[in-house]
$ cat upload-v4.txt   # compact mmCIF, N, CA and C atoms
# COMPACT_ATOMS: atom_id res chain seq x y z
N MET B 445 208.53 89.11 23.10
CA MET B 445 208.05 87.88 23.70
C MET B 445 208.10 86.75 22.66
N ALA B 446 208.64 85.63 23.04
CA ALA B 446 208.70 84.47 22.15
C ALA B 446 207.33 83.80 22.07
N LEU B 447 206.98 83.39 20.88
CA LEU B 447 205.69 82.72 20.70
C LEU B 447 205.83 81.24 21.01
N SER B 448 204.74 80.66 21.50
CA SER B 448 204.70 79.22 21.72
C SER B 448 204.59 78.53 20.36
N GLU B 449 204.83 77.25 20.34
CA GLU B 449 204.71 76.48 19.10
C GLU B 449 203.29 76.57 18.54
N GLY B 450 202.29 76.50 19.42
CA GLY B 450 200.90 76.59 18.99
C GLY B 450 200.58 77.94 18.38
N GLN B 451 201.03 79.02 19.01
CA GLN B 451 200.80 80.36 18.48
C GLN B 451 201.46 80.52 17.12
N ARG B 452 202.67 80.01 16.99
CA ARG B 452 203.41 80.12 15.74
C ARG B 452 202.69 79.36 14.61
N LYS B 453 202.20 78.15 14.91
CA LYS B 453 201.47 77.36 13.91
C LYS B 453 200.22 78.10 13.45
N ILE B 454 199.50 78.65 14.40
CA ILE B 454 198.27 79.37 14.06
C ILE B 454 198.57 80.60 13.23
N LEU B 455 199.61 81.33 13.59
CA LEU B 455 199.98 82.52 12.83
C LEU B 455 200.37 82.14 11.40
N ASP B 456 201.10 81.06 11.24
CA ASP B 456 201.48 80.60 9.89
C ASP B 456 200.24 80.19 9.09
N ILE B 457 199.28 79.55 9.72
CA ILE B 457 198.05 79.15 9.03
C ILE B 457 197.25 80.37 8.62
N ILE B 458 197.14 81.35 9.50
CA ILE B 458 196.42 82.58 9.15
C ILE B 458 197.11 83.28 7.99
N ALA B 459 198.43 83.32 8.02
CA ALA B 459 199.18 83.94 6.92
C ALA B 459 198.85 83.24 5.60
N GLY B 460 198.81 81.92 5.62
CA GLY B 460 198.48 81.18 4.41
C GLY B 460 197.06 81.43 3.93
N LEU B 461 196.12 81.48 4.86
CA LEU B 461 194.72 81.70 4.50
C LEU B 461 194.47 83.10 3.95
N THR B 462 195.27 84.07 4.38
CA THR B 462 195.09 85.45 3.90
C THR B 462 195.99 85.76 2.72
N GLY B 463 196.74 84.77 2.24
CA GLY B 463 197.63 85.00 1.12
C GLY B 463 198.81 85.89 1.47
N ARG B 464 199.13 85.96 2.75
CA ARG B 464 200.23 86.79 3.26
C ARG B 464 200.09 88.25 2.86
N THR B 465 198.85 88.74 2.97
CA THR B 465 198.58 90.15 2.68
C THR B 465 197.86 90.78 3.86
N LEU B 466 197.92 92.10 3.91
CA LEU B 466 197.21 92.83 4.96
C LEU B 466 195.76 93.07 4.58
N SER B 467 195.47 93.05 3.29
CA SER B 467 194.14 93.44 2.83
C SER B 467 193.14 92.28 2.76
N THR B 468 193.60 91.05 2.86
CA THR B 468 192.71 89.90 2.78
C THR B 468 192.41 89.39 4.18
N SER B 469 191.15 89.15 4.45
CA SER B 469 190.71 88.64 5.75
C SER B 469 190.34 87.17 5.65
N THR B 470 190.29 86.53 6.79
CA THR B 470 189.78 85.17 6.88
C THR B 470 188.85 85.10 8.08
N MET B 471 187.94 84.16 8.08
CA MET B 471 187.00 84.02 9.19
C MET B 471 187.64 83.22 10.33
N ASP B 472 187.35 83.64 11.55
CA ASP B 472 187.91 82.91 12.70
C ASP B 472 187.43 81.46 12.72
N ALA B 473 186.21 81.22 12.29
CA ALA B 473 185.69 79.85 12.26
C ALA B 473 186.50 78.97 11.32
N VAL B 474 186.93 79.52 10.19
CA VAL B 474 187.75 78.77 9.24
C VAL B 474 189.11 78.47 9.86
N VAL B 475 189.70 79.47 10.50
CA VAL B 475 191.00 79.28 11.14
C VAL B 475 190.91 78.16 12.18
N VAL B 476 189.89 78.18 13.00
CA VAL B 476 189.74 77.17 14.05
C VAL B 476 189.65 75.78 13.44
N VAL B 477 188.82 75.61 12.41
CA VAL B 477 188.65 74.30 11.78
C VAL B 477 189.97 73.82 11.18
N VAL B 478 190.66 74.68 10.47
CA VAL B 478 191.91 74.29 9.82
C VAL B 478 192.97 73.93 10.86
N VAL B 479 193.09 74.75 11.91
CA VAL B 479 194.10 74.49 12.94
C VAL B 479 193.79 73.19 13.68
N VAL B 480 192.54 72.97 14.04
CA VAL B 480 192.17 71.74 14.75
C VAL B 480 192.47 70.54 13.86
N ASP B 481 192.14 70.62 12.56
CA ASP B 481 192.41 69.51 11.64
C ASP B 481 193.91 69.25 11.46
N LYS B 482 194.69 70.31 11.32
CA LYS B 482 196.12 70.16 11.04
C LYS B 482 196.95 69.84 12.28
N SER B 483 196.57 70.41 13.42
CA SER B 483 197.43 70.28 14.60
C SER B 483 196.85 69.40 15.70
N GLY B 484 195.54 69.21 15.66
CA GLY B 484 194.91 68.42 16.71
C GLY B 484 194.71 69.18 18.01
N LEU B 485 195.01 70.47 18.02
CA LEU B 485 194.77 71.28 19.22
C LEU B 485 193.27 71.38 19.48
N PRO B 486 192.86 71.42 20.74
CA PRO B 486 191.44 71.61 21.05
C PRO B 486 190.96 73.00 20.61
N GLU B 487 189.70 73.09 20.23
CA GLU B 487 189.12 74.35 19.77
C GLU B 487 189.31 75.47 20.78
N GLU B 488 189.10 75.19 22.04
CA GLU B 488 189.23 76.23 23.07
C GLU B 488 190.66 76.78 23.12
N GLU B 489 191.64 75.90 22.98
CA GLU B 489 193.03 76.33 22.99
C GLU B 489 193.34 77.20 21.76
N VAL B 490 192.79 76.82 20.63
CA VAL B 490 192.99 77.61 19.41
C VAL B 490 192.41 79.01 19.60
N ARG B 491 191.21 79.09 20.15
CA ARG B 491 190.59 80.40 20.38
C ARG B 491 191.40 81.23 21.38
N ASN B 492 191.97 80.60 22.39
CA ASN B 492 192.83 81.31 23.34
C ASN B 492 194.07 81.86 22.63
N TYR B 493 194.68 81.04 21.79
CA TYR B 493 195.85 81.49 21.03
C TYR B 493 195.50 82.65 20.11
N LEU B 494 194.32 82.59 19.48
CA LEU B 494 193.90 83.70 18.62
C LEU B 494 193.81 85.00 19.42
N SER B 495 193.22 84.93 20.59
CA SER B 495 193.12 86.12 21.44
C SER B 495 194.50 86.64 21.83
N GLN B 496 195.40 85.72 22.16
CA GLN B 496 196.76 86.11 22.53
C GLN B 496 197.49 86.78 21.36
N LEU B 497 197.34 86.22 20.16
CA LEU B 497 197.99 86.81 18.99
C LEU B 497 197.43 88.20 18.69
N ASP B 498 196.15 88.40 18.96
CA ASP B 498 195.53 89.71 18.79
C ASP B 498 196.12 90.70 19.78
N VAL B 499 196.21 90.31 21.03
CA VAL B 499 196.76 91.19 22.07
C VAL B 499 198.23 91.52 21.78
N LEU B 500 198.98 90.55 21.27
CA LEU B 500 200.39 90.76 20.95
C LEU B 500 200.59 91.62 19.70
N GLY B 501 199.52 91.84 18.94
CA GLY B 501 199.59 92.71 17.77
C GLY B 501 200.00 92.02 16.48
N TYR B 502 199.95 90.68 16.43
CA TYR B 502 200.31 89.95 15.22
C TYR B 502 199.13 89.76 14.28
N ILE B 503 197.91 89.83 14.82
CA ILE B 503 196.70 89.77 14.02
C ILE B 503 195.72 90.78 14.60
N THR B 504 194.71 91.11 13.82
CA THR B 504 193.60 91.90 14.34
C THR B 504 192.33 91.08 14.15
N ILE B 505 191.52 91.06 15.18
CA ILE B 505 190.24 90.35 15.12
C ILE B 505 189.14 91.41 15.23
N ARG B 506 188.35 91.49 14.19
CA ARG B 506 187.28 92.50 14.19
C ARG B 506 186.10 92.05 15.04
N ILE B 507 185.29 93.00 15.41
CA ILE B 507 184.09 92.74 16.20
C ILE B 507 183.10 91.93 15.36
N LYS B 508 182.44 90.99 16.00
CA LYS B 508 181.45 90.15 15.31
C LYS B 508 180.28 91.01 14.85
N VAL B 509 179.94 90.90 13.59
CA VAL B 509 178.82 91.64 13.01
C VAL B 509 177.53 91.01 13.49
N SER B 510 176.52 91.81 13.73
CA SER B 510 175.23 91.33 14.19
C SER B 510 174.70 90.24 13.26
N GLY B 511 174.36 89.10 13.85
CA GLY B 511 173.81 87.99 13.09
C GLY B 511 174.85 87.03 12.52
N ALA B 512 176.11 87.41 12.59
CA ALA B 512 177.17 86.54 12.04
C ALA B 512 177.63 85.54 13.10
N ASP B 513 178.11 84.40 12.63
CA ASP B 513 178.64 83.37 13.52
C ASP B 513 180.16 83.38 13.55
N TYR B 514 180.77 84.42 13.03
CA TYR B 514 182.22 84.48 12.93
C TYR B 514 182.70 85.93 13.05
N ARG B 515 184.01 86.06 13.24
CA ARG B 515 184.67 87.37 13.21
C ARG B 515 185.76 87.29 12.15
N MET B 516 186.09 88.42 11.56
CA MET B 516 187.12 88.45 10.53
C MET B 516 188.48 88.72 11.16
N ILE B 517 189.50 88.04 10.63
CA ILE B 517 190.86 88.17 11.13
C ILE B 517 191.75 88.67 9.99
N ASN B 518 192.62 89.63 10.32
CA ASN B 518 193.62 90.13 9.39
C ASN B 518 195.00 90.00 10.01
N MET B 519 196.00 89.83 9.17
CA MET B 519 197.38 89.87 9.62
C MET B 519 197.77 91.33 9.84
N THR B 520 198.73 91.56 10.71
CA THR B 520 199.32 92.89 10.87
C THR B 520 200.70 92.87 10.23
N ILE B 521 201.30 94.02 10.09
CA ILE B 521 202.65 94.10 9.53
C ILE B 521 203.61 93.27 10.39
N ASP B 522 203.49 93.39 11.71
CA ASP B 522 204.36 92.62 12.61
C ASP B 522 204.16 91.12 12.43
N GLY B 523 202.92 90.71 12.28
CA GLY B 523 202.63 89.29 12.08
C GLY B 523 203.19 88.76 10.77
N LEU B 524 203.03 89.55 9.70
CA LEU B 524 203.59 89.14 8.41
C LEU B 524 205.11 89.05 8.47
N GLN B 525 205.73 90.03 9.12
CA GLN B 525 207.18 90.02 9.24
C GLN B 525 207.66 88.79 10.00
N LEU B 526 206.96 88.45 11.06
CA LEU B 526 207.32 87.28 11.86
C LEU B 526 207.19 86.00 11.05
N THR B 527 206.12 85.86 10.29
CA THR B 527 205.95 84.64 9.49
C THR B 527 206.98 84.60 8.36
N TYR B 528 207.33 85.75 7.82
CA TYR B 528 208.35 85.80 6.78
C TYR B 528 209.69 85.35 7.36
N ASN B 529 210.03 85.84 8.55
CA ASN B 529 211.28 85.44 9.22
C ASN B 529 211.28 83.95 9.53
N ASN B 530 210.12 83.41 9.93
CA ASN B 530 210.01 81.98 10.23
C ASN B 530 210.31 81.15 8.98
N GLN B 531 209.83 81.58 7.83
CA GLN B 531 210.06 80.84 6.59
C GLN B 531 211.53 80.84 6.22
N ARG B 532 212.19 81.95 6.43
CA ARG B 532 213.61 82.05 6.08
C ARG B 532 214.46 81.16 6.96
N LEU B 533 214.02 80.90 8.20
CA LEU B 533 214.79 80.08 9.13
C LEU B 533 214.66 78.59 8.85
N ARG B 534 213.66 78.19 8.09
CA ARG B 534 213.41 76.76 7.84
C ARG B 534 214.36 76.20 6.83
$ encode --input "upload-v4.txt" --output "structure tokens"
Amino acid sequence: MALSEGQRKILDIIAGLTGRTLSTSTMDAVVVVVVVDKSGLPEEEVRNYLSQLDVLGYITIRIKVSGADYRMINMTIDGLQLTYNNQRLR
């Protein structure tokens, strides 16, 4: 399935925030703020794209820990490969 421009932008931002590694996580709240600032997408749309990327297997979103206001996001191997391919095409 081809990604939308918004999904691709968000995936690239997550890759940057995690240092393009599988072992580093980032908070969903941070991703939302950065994406809204950089792209101007509405917060609700960003959260929808995050859910879609999770379902597609490009990122994993962990369950919110009790008392936390955020969930942790990690890149998957497929997500990293896709962002790597995107960089080579530019």
$ closest_residue --input "upload-v4.txt" --among "B:Asp522, B:Glu487, B:Val475, B:Ser469" --to "Ile457 in chain B" --atoms "only N, CA and C atoms"
B:Val475
$ residues_around --input "upload-v4.txt" --residues "Leu500 in chain B" --least-positions-apart "5" --cutoff "8 Å" --atoms "only N, CA and C atoms" --output "PyMOL selection string"
chain B and resi 494-495+523
$ closest_residue --input "upload-v4.txt" --among "B:Val480, B:Asp456, B:Ile517, B:Leu447" --to "Asp498 in chain B" --atoms "only C-alpha atoms"
B:Ile517
$ axis_aligned_box --input "upload-v4.txt" --around "range 475-494 of chain B" --padding-each-side "4 Å" --output "JSON"
{"center_x": 193.0, "center_y": 76.7, "center_z": 16.6, "size_x": 16.8, "size_y": 24.6, "size_z": 21.5}
$ select_by_dssp --input "upload-v4.txt" --residues "chain B" --states "strand (DSSP E or B)" --output "ChimeraX atom specification"
/B:470-471,503-505,516-519
$ atom_distance --input "upload-v4.txt" --atom1 "atom N of Val476 in chain B" --atom2 "atom N of Gly463 in chain B"
14.4 Å
$ residues_around --input "upload-v4.txt" --residues "Leu524 in chain B" --least-positions-apart "2" --cutoff "10 Å" --atoms "only C-alpha atoms" --output "VMD selection string"
chain B and resid 455 to 456 458 to 459 464 to 466 502 to 503 519 to 522 526 to 530
$ atom_distance --input "upload-v4.txt" --atom1 "CA of Lys453 in chain B" --atom2 "atom C of Asp472 in chain B"
14.7 Å
$ closest_residue --input "upload-v4.txt" --among "B:Val478, B:Met471, B:Ala446, B:Leu485" --to "Ile507 in chain B" --atoms "only C-alpha atoms"
B:Met471
$ atom_distance --input "upload-v4.txt" --atom1 "atom C of Thr504 in chain B" --atom2 "atom N of Ala473 in chain B"
11.8 Å
$ select_by_dssp --input "upload-v4.txt" --residues "chain B" --states "alpha helix (DSSP H)" --output "PDB file with N, CA and C atoms, in the coordinates of the input"
ATOM      1  N   GLU B 449     204.830  77.250  20.340  1.00  0.00           N
ATOM      2  CA  GLU B 449     204.710  76.480  19.100  1.00  0.00           C
ATOM      3  C   GLU B 449     203.290  76.570  18.540  1.00  0.00           C
ATOM      4  N   GLY B 450     202.290  76.500  19.420  1.00  0.00           N
ATOM      5  CA  GLY B 450     200.900  76.590  18.990  1.00  0.00           C
ATOM      6  C   GLY B 450     200.580  77.940  18.380  1.00  0.00           C
ATOM      7  N   GLN B 451     201.030  79.020  19.010  1.00  0.00           N
ATOM      8  CA  GLN B 451     200.800  80.360  18.480  1.00  0.00           C
ATOM      9  C   GLN B 451     201.460  80.520  17.120  1.00  0.00           C
ATOM     10  N   ARG B 452     202.670  80.010  16.990  1.00  0.00           N
ATOM     11  CA  ARG B 452     203.410  80.120  15.740  1.00  0.00           C
ATOM     12  C   ARG B 452     202.690  79.360  14.610  1.00  0.00           C
ATOM     13  N   LYS B 453     202.200  78.150  14.910  1.00  0.00           N
ATOM     14  CA  LYS B 453     201.470  77.360  13.910  1.00  0.00           C
ATOM     15  C   LYS B 453     200.220  78.100  13.450  1.00  0.00           C
ATOM     16  N   ILE B 454     199.500  78.650  14.400  1.00  0.00           N
ATOM     17  CA  ILE B 454     198.270  79.370  14.060  1.00  0.00           C
ATOM     18  C   ILE B 454     198.570  80.600  13.230  1.00  0.00           C
ATOM     19  N   LEU B 455     199.610  81.330  13.590  1.00  0.00           N
ATOM     20  CA  LEU B 455     199.980  82.520  12.830  1.00  0.00           C
ATOM     21  C   LEU B 455     200.370  82.140  11.400  1.00  0.00           C
ATOM     22  N   ASP B 456     201.100  81.060  11.240  1.00  0.00           N
ATOM     23  CA  ASP B 456     201.480  80.600   9.890  1.00  0.00           C
ATOM     24  C   ASP B 456     200.240  80.190   9.090  1.00  0.00           C
ATOM     25  N   ILE B 457     199.280  79.550   9.720  1.00  0.00           N
ATOM     26  CA  ILE B 457     198.050  79.150   9.030  1.00  0.00           C
ATOM     27  C   ILE B 457     197.250  80.370   8.620  1.00  0.00           C
ATOM     28  N   ILE B 458     197.140  81.350   9.500  1.00  0.00           N
ATOM     29  CA  ILE B 458     196.420  82.580   9.150  1.00  0.00           C
ATOM     30  C   ILE B 458     197.110  83.280   7.990  1.00  0.00           C
ATOM     31  N   ALA B 459     198.430  83.320   8.020  1.00  0.00           N
ATOM     32  CA  ALA B 459     199.180  83.940   6.920  1.00  0.00           C
ATOM     33  C   ALA B 459     198.850  83.240   5.600  1.00  0.00           C
ATOM     34  N   GLY B 460     198.810  81.920   5.620  1.00  0.00           N
ATOM     35  CA  GLY B 460     198.480  81.180   4.410  1.00  0.00           C
ATOM     36  C   GLY B 460     197.060  81.430   3.930  1.00  0.00           C
ATOM     37  N   LEU B 461     196.120  81.480   4.860  1.00  0.00           N
ATOM     38  CA  LEU B 461     194.720  81.700   4.500  1.00  0.00           C
ATOM     39  C   LEU B 461     194.470  83.100   3.950  1.00  0.00           C
ATOM     40  N   ASP B 472     187.350  83.640  11.550  1.00  0.00           N
ATOM     41  CA  ASP B 472     187.910  82.910  12.700  1.00  0.00           C
ATOM     42  C   ASP B 472     187.430  81.460  12.720  1.00  0.00           C
ATOM     43  N   ALA B 473     186.210  81.220  12.290  1.00  0.00           N
ATOM     44  CA  ALA B 473     185.690  79.850  12.260  1.00  0.00           C
ATOM     45  C   ALA B 473     186.500  78.970  11.320  1.00  0.00           C
ATOM     46  N   VAL B 474     186.930  79.520  10.190  1.00  0.00           N
ATOM     47  CA  VAL B 474     187.750  78.770   9.240  1.00  0.00           C
ATOM     48  C   VAL B 474     189.110  78.470   9.860  1.00  0.00           C
ATOM     49  N   VAL B 475     189.700  79.470  10.500  1.00  0.00           N
ATOM     50  CA  VAL B 475     191.000  79.280  11.140  1.00  0.00           C
ATOM     51  C   VAL B 475     190.910  78.160  12.180  1.00  0.00           C
ATOM     52  N   VAL B 476     189.890  78.180  13.000  1.00  0.00           N
ATOM     53  CA  VAL B 476     189.740  77.170  14.050  1.00  0.00           C
ATOM     54  C   VAL B 476     189.650  75.780  13.440  1.00  0.00           C
ATOM     55  N   VAL B 477     188.820  75.610  12.410  1.00  0.00           N
ATOM     56  CA  VAL B 477     188.650  74.300  11.780  1.00  0.00           C
ATOM     57  C   VAL B 477     189.970  73.820  11.180  1.00  0.00           C
ATOM     58  N   VAL B 478     190.660  74.680  10.470  1.00  0.00           N
ATOM     59  CA  VAL B 478     191.910  74.290   9.820  1.00  0.00           C
ATOM     60  C   VAL B 478     192.970  73.930  10.860  1.00  0.00           C
ATOM     61  N   VAL B 479     193.090  74.750  11.910  1.00  0.00           N
ATOM     62  CA  VAL B 479     194.100  74.490  12.940  1.00  0.00           C
ATOM     63  C   VAL B 479     193.790  73.190  13.680  1.00  0.00           C
ATOM     64  N   VAL B 480     192.540  72.970  14.040  1.00  0.00           N
ATOM     65  CA  VAL B 480     192.170  71.740  14.750  1.00  0.00           C
ATOM     66  C   VAL B 480     192.470  70.540  13.860  1.00  0.00           C
ATOM     67  N   ASP B 481     192.140  70.620  12.560  1.00  0.00           N
ATOM     68  CA  ASP B 481     192.410  69.510  11.640  1.00  0.00           C
ATOM     69  C   ASP B 481     193.910  69.250  11.460  1.00  0.00           C
ATOM     70  N   LYS B 482     194.690  70.310  11.320  1.00  0.00           N
ATOM     71  CA  LYS B 482     196.120  70.160  11.040  1.00  0.00           C
ATOM     72  C   LYS B 482     196.950  69.840  12.280  1.00  0.00           C
ATOM     73  N   SER B 483     196.570  70.410  13.420  1.00  0.00           N
ATOM     74  CA  SER B 483     197.430  70.280  14.600  1.00  0.00           C
ATOM     75  C   SER B 483     196.850  69.400  15.700  1.00  0.00           C
ATOM     76  N   GLU B 487     189.700  73.090  20.230  1.00  0.00           N
ATOM     77  CA  GLU B 487     189.120  74.350  19.770  1.00  0.00           C
ATOM     78  C   GLU B 487     189.310  75.470  20.780  1.00  0.00           C
ATOM     79  N   GLU B 488     189.100  75.190  22.040  1.00  0.00           N
ATOM     80  CA  GLU B 488     189.230  76.230  23.070  1.00  0.00           C
ATOM     81  C   GLU B 488     190.660  76.780  23.120  1.00  0.00           C
ATOM     82  N   GLU B 489     191.640  75.900  22.980  1.00  0.00           N
ATOM     83  CA  GLU B 489     193.030  76.330  22.990  1.00  0.00           C
ATOM     84  C   GLU B 489     193.340  77.200  21.760  1.00  0.00           C
ATOM     85  N   VAL B 490     192.790  76.820  20.630  1.00  0.00           N
ATOM     86  CA  VAL B 490     192.990  77.610  19.410  1.00  0.00           C
ATOM     87  C   VAL B 490     192.410  79.010  19.600  1.00  0.00           C
ATOM     88  N   ARG B 491     191.210  79.090  20.150  1.00  0.00           N
ATOM     89  CA  ARG B 491     190.590  80.400  20.380  1.00  0.00           C
ATOM     90  C   ARG B 491     191.400  81.230  21.380  1.00  0.00           C
ATOM     91  N   ASN B 492     191.970  80.600  22.390  1.00  0.00           N
ATOM     92  CA  ASN B 492     192.830  81.310  23.340  1.00  0.00           C
ATOM     93  C   ASN B 492     194.070  81.860  22.630  1.00  0.00           C
ATOM     94  N   TYR B 493     194.680  81.040  21.790  1.00  0.00           N
ATOM     95  CA  TYR B 493     195.850  81.490  21.030  1.00  0.00           C
ATOM     96  C   TYR B 493     195.500  82.650  20.110  1.00  0.00           C
ATOM     97  N   LEU B 494     194.320  82.590  19.480  1.00  0.00           N
ATOM     98  CA  LEU B 494     193.900  83.700  18.620  1.00  0.00           C
ATOM     99  C   LEU B 494     193.810  85.000  19.420  1.00  0.00           C
ATOM    100  N   SER B 495     193.220  84.930  20.590  1.00  0.00           N
ATOM    101  CA  SER B 495     193.120  86.120  21.440  1.00  0.00           C
ATOM    102  C   SER B 495     194.500  86.640  21.830  1.00  0.00           C
ATOM    103  N   GLN B 496     195.400  85.720  22.160  1.00  0.00           N
ATOM    104  CA  GLN B 496     196.760  86.110  22.530  1.00  0.00           C
ATOM    105  C   GLN B 496     197.490  86.780  21.360  1.00  0.00           C
ATOM    106  N   LEU B 497     197.340  86.220  20.160  1.00  0.00           N
ATOM    107  CA  LEU B 497     197.990  86.810  18.990  1.00  0.00           C
ATOM    108  C   LEU B 497     197.430  88.200  18.690  1.00  0.00           C
ATOM    109  N   ASP B 498     196.150  88.400  18.960  1.00  0.00           N
ATOM    110  CA  ASP B 498     195.530  89.710  18.790  1.00  0.00           C
ATOM    111  C   ASP B 498     196.120  90.700  19.780  1.00  0.00           C
ATOM    112  N   VAL B 499     196.210  90.310  21.030  1.00  0.00           N
ATOM    113  CA  VAL B 499     196.760  91.190  22.070  1.00  0.00           C
ATOM    114  C   VAL B 499     198.230  91.520  21.780  1.00  0.00           C
ATOM    115  N   LEU B 500     198.980  90.550  21.270  1.00  0.00           N
ATOM    116  CA  LEU B 500     200.390  90.760  20.950  1.00  0.00           C
ATOM    117  C   LEU B 500     200.590  91.620  19.700  1.00  0.00           C
ATOM    118  N   ILE B 521     201.300  94.020  10.090  1.00  0.00           N
ATOM    119  CA  ILE B 521     202.650  94.100   9.530  1.00  0.00           C
ATOM    120  C   ILE B 521     203.610  93.270  10.390  1.00  0.00           C
ATOM    121  N   ASP B 522     203.490  93.390  11.710  1.00  0.00           N
ATOM    122  CA  ASP B 522     204.360  92.620  12.610  1.00  0.00           C
ATOM    123  C   ASP B 522     204.160  91.120  12.430  1.00  0.00           C
ATOM    124  N   GLY B 523     202.920  90.710  12.280  1.00  0.00           N
ATOM    125  CA  GLY B 523     202.630  89.290  12.080  1.00  0.00           C
ATOM    126  C   GLY B 523     203.190  88.760  10.770  1.00  0.00           C
ATOM    127  N   LEU B 524     203.030  89.550   9.700  1.00  0.00           N
ATOM    128  CA  LEU B 524     203.590  89.140   8.410  1.00  0.00           C
ATOM    129  C   LEU B 524     205.110  89.050   8.470  1.00  0.00           C
ATOM    130  N   GLN B 525     205.730  90.030   9.120  1.00  0.00           N
ATOM    131  CA  GLN B 525     207.180  90.020   9.240  1.00  0.00           C
ATOM    132  C   GLN B 525     207.660  88.790  10.000  1.00  0.00           C
ATOM    133  N   LEU B 526     206.960  88.450  11.060  1.00  0.00           N
ATOM    134  CA  LEU B 526     207.320  87.280  11.860  1.00  0.00           C
ATOM    135  C   LEU B 526     207.190  86.000  11.050  1.00  0.00           C
ATOM    136  N   THR B 527     206.120  85.860  10.290  1.00  0.00           N
ATOM    137  CA  THR B 527     205.950  84.640   9.490  1.00  0.00           C
ATOM    138  C   THR B 527     206.980  84.600   8.360  1.00  0.00           C
ATOM    139  N   TYR B 528     207.330  85.750   7.820  1.00  0.00           N
ATOM    140  CA  TYR B 528     208.350  85.800   6.780  1.00  0.00           C
ATOM    141  C   TYR B 528     209.690  85.350   7.360  1.00  0.00           C
ATOM    142  N   ASN B 529     210.030  85.840   8.550  1.00  0.00           N
ATOM    143  CA  ASN B 529     211.280  85.440   9.220  1.00  0.00           C
ATOM    144  C   ASN B 529     211.280  83.950   9.530  1.00  0.00           C
ATOM    145  N   ASN B 530     210.120  83.410   9.930  1.00  0.00           N
ATOM    146  CA  ASN B 530     210.010  81.980  10.230  1.00  0.00           C
ATOM    147  C   ASN B 530     210.310  81.150   8.980  1.00  0.00           C
ATOM    148  N   GLN B 531     209.830  81.580   7.830  1.00  0.00           N
ATOM    149  CA  GLN B 531     210.060  80.840   6.590  1.00  0.00           C
ATOM    150  C   GLN B 531     211.530  80.840   6.220  1.00  0.00           C
ATOM    151  N   ARG B 532     212.190  81.950   6.430  1.00  0.00           N
ATOM    152  CA  ARG B 532     213.610  82.050   6.080  1.00  0.00           C
ATOM    153  C   ARG B 532     214.460  81.160   6.960  1.00  0.00           C
ATOM    154  N   LEU B 533     214.020  80.900   8.200  1.00  0.00           N
ATOM    155  CA  LEU B 533     214.790  80.080   9.130  1.00  0.00           C
ATOM    156  C   LEU B 533     214.660  78.590   8.850  1.00  0.00           C
TER     157      LEU B 533
END
$ closest_residue --input "upload-v4.txt" --among "B:Asn492, B:Thr470, B:Thr462, B:Ser448" --to "Met516 in chain B" --atoms "only N, CA and C atoms"
B:Thr470
$ closest_residue --input "upload-v4.txt" --among "B:Leu497, B:Ile505, B:Ile454, B:Leu461" --to "Val479 in chain B" --atoms "only N, CA and C atoms"
B:Ile454
$ closest_residue --input "upload-v4.txt" --among "B:Gly450, B:Ser467, B:Gly460, B:Glu489" --to "Asn518 in chain B" --atoms "only C-alpha atoms"
B:Ser467
